[in-house]
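> entry_3.cif (mmCIF, C-alpha atoms) pasted underneath:
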data_model
loop_
_atom_site.label_atom_id
_atom_site.label_comp_id
_atom_site.auth_asym_id
_atom_site.auth_seq_id
_atom_site.Cartn_x
_atom_site.Cartn_y
_atom_site.Cartn_z
CA MET N 1 95.95 137.78 80.94
CA PRO N 2 94.12 141.06 81.44
CA GLY N 3 94.94 143.09 84.54
CA ARG N 4 91.31 143.09 85.68
CA HIS N 5 91.69 139.45 86.83
CA ALA N 6 94.64 140.24 89.12
CA PRO N 7 92.57 140.93 92.29
CA VAL N 8 90.71 137.64 91.93
CA LEU N 9 93.93 135.72 91.34
CA LEU N 10 95.46 137.40 94.37
CA LEU N 11 92.52 136.33 96.53
CA VAL N 12 92.80 132.76 95.26
CA ALA N 13 96.54 132.71 95.97
CA LEU N 14 96.01 134.05 99.51
CA PHE N 15 93.27 131.51 100.18
CA GLN N 16 95.54 128.66 99.09
CA LEU N 17 98.42 130.08 101.11
CA PHE N 18 96.35 130.07 104.30
CA THR N 19 94.49 126.77 103.82
CA ALA N 20 97.26 124.52 102.48
CA PRO N 21 99.05 124.03 105.84
CA ILE N 22 95.79 123.21 107.62
CA SER N 23 94.72 120.77 104.92
CA SER N 24 98.09 119.01 104.89
CA GLN N 25 98.01 118.68 108.68
CA ILE N 26 94.57 117.07 108.55
CA ILE N 27 95.58 114.72 105.72
CA GLY N 28 98.78 113.69 107.52
CA ARG N 29 97.02 113.04 110.82
CA THR N 30 94.31 111.02 109.07
CA ALA N 31 96.94 108.93 107.29
CA TYR N 32 98.69 108.34 110.62
CA ARG N 33 95.54 107.26 112.42
CA THR N 34 94.35 104.97 109.61
CA HIS N 35 97.75 103.23 109.34
CA GLY N 36 98.57 104.84 105.99
CA VAL N 37 102.04 105.70 107.29
CA ASP N 38 104.83 103.17 107.87
CA ARG N 39 105.86 104.21 111.37
CA ASP N 40 109.18 102.36 111.07
CA LEU N 41 110.29 104.95 108.50
CA LEU N 42 109.61 107.93 110.77
CA LEU N 43 112.65 109.63 112.26
CA ARG N 44 110.63 111.05 115.15
CA ASP N 45 107.08 110.05 116.04
CA GLU N 46 105.57 113.07 117.77
CA LEU N 47 102.07 111.59 117.69
CA ALA N 48 102.94 108.27 119.32
CA ASP N 49 101.35 109.06 122.67
CA ARG N 50 98.71 111.52 121.42
CA PRO N 51 96.01 108.99 120.39
CA ALA N 52 96.31 107.25 123.76
CA ARG N 53 95.78 110.59 125.52
CA ASP N 54 92.78 111.26 123.28
CA GLY N 55 91.33 107.82 124.00
CA VAL N 56 91.80 106.55 120.45
CA SER N 57 93.45 103.19 119.89
CA LEU N 58 95.74 102.70 116.90
CA HIS N 59 95.64 98.91 117.03
CA GLY N 60 93.39 97.25 114.47
CA HIS N 61 92.06 94.61 116.86
CA ASP N 62 91.12 97.28 119.41
CA ARG N 63 88.89 99.23 117.06
CA PRO N 64 85.31 99.51 118.24
CA GLN N 65 82.76 97.44 116.43
CA TRP N 66 79.95 99.60 115.13
CA ASP N 67 76.47 98.59 116.10
CA ASP N 68 74.33 98.85 112.98
CA GLU N 69 71.16 98.75 115.05
CA ALA N 70 72.24 101.72 117.18
CA GLU N 71 72.86 103.86 114.09
CA ARG N 72 69.31 103.43 112.83
#
Output the file's structure as structure tokens, nothing else.


Amino acid sequence: MPGRHAPVLLLVALFQLFTAPISSQIIGRTAYRTHGVDRDLLLRDELADRPARDGVSLHGHDRPQWDDEAER
């Protein structure tokens, strides 16, 4: 590859280096909150009390029912 592309490739690598941890954190937290993670397999559940503090329930039967009329 020609050397003239090196600065662009360096910028792309730096962008991925800085955004990958943030993206993985968001994906992991979303999987946790949508029950995509088997909590029995976790060694330590650091987010167990966090949703309760944030006012978000993790139980399926406690999820709020969306009012279609209110969204219109």

> Around segment 14-29 of chain N, with edges along x, y and z and 4 Å added on all six sides, what centre and edge lengths do you get, in Å to one decimal, as JSON?


{"center_x": 96.2, "center_y": 123.5, "center_z": 105.0, "size_x": 13.8, "size_y": 29.0, "size_z": 19.7}

> In Å, how far is it from atom CA of Arg53 of chain N to atom CA of Thr30 of chain N?

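These two atoms are separated by 16.5 Å.
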
> Give the answer as one residue: which of N:Phe18, N:Ser24, N:Arg33, N:Leu11 has the shortest atom-to-atom distance to Arg50 of chain N, using all atoms listed in the file?

N:Arg33

> Which residues are close to Tyr32 of chain N, i.e. within 12 Å by all atoms listed in the file, leaving aside same-chain residues fewer than 2 positions away? Reply as number ranges by chain.

N: 25-30, 34-39, 42, 45-48, 50-51, 57-59

> What does the structure give for the distance between atom CA of Leu14 of chain N and atom CA of Ala31 of chain N, in Å to one decimal?

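About the pair atom CA of Leu14 of chain N and atom CA of Ala31 of chain N: they are 26.3 Å apart.
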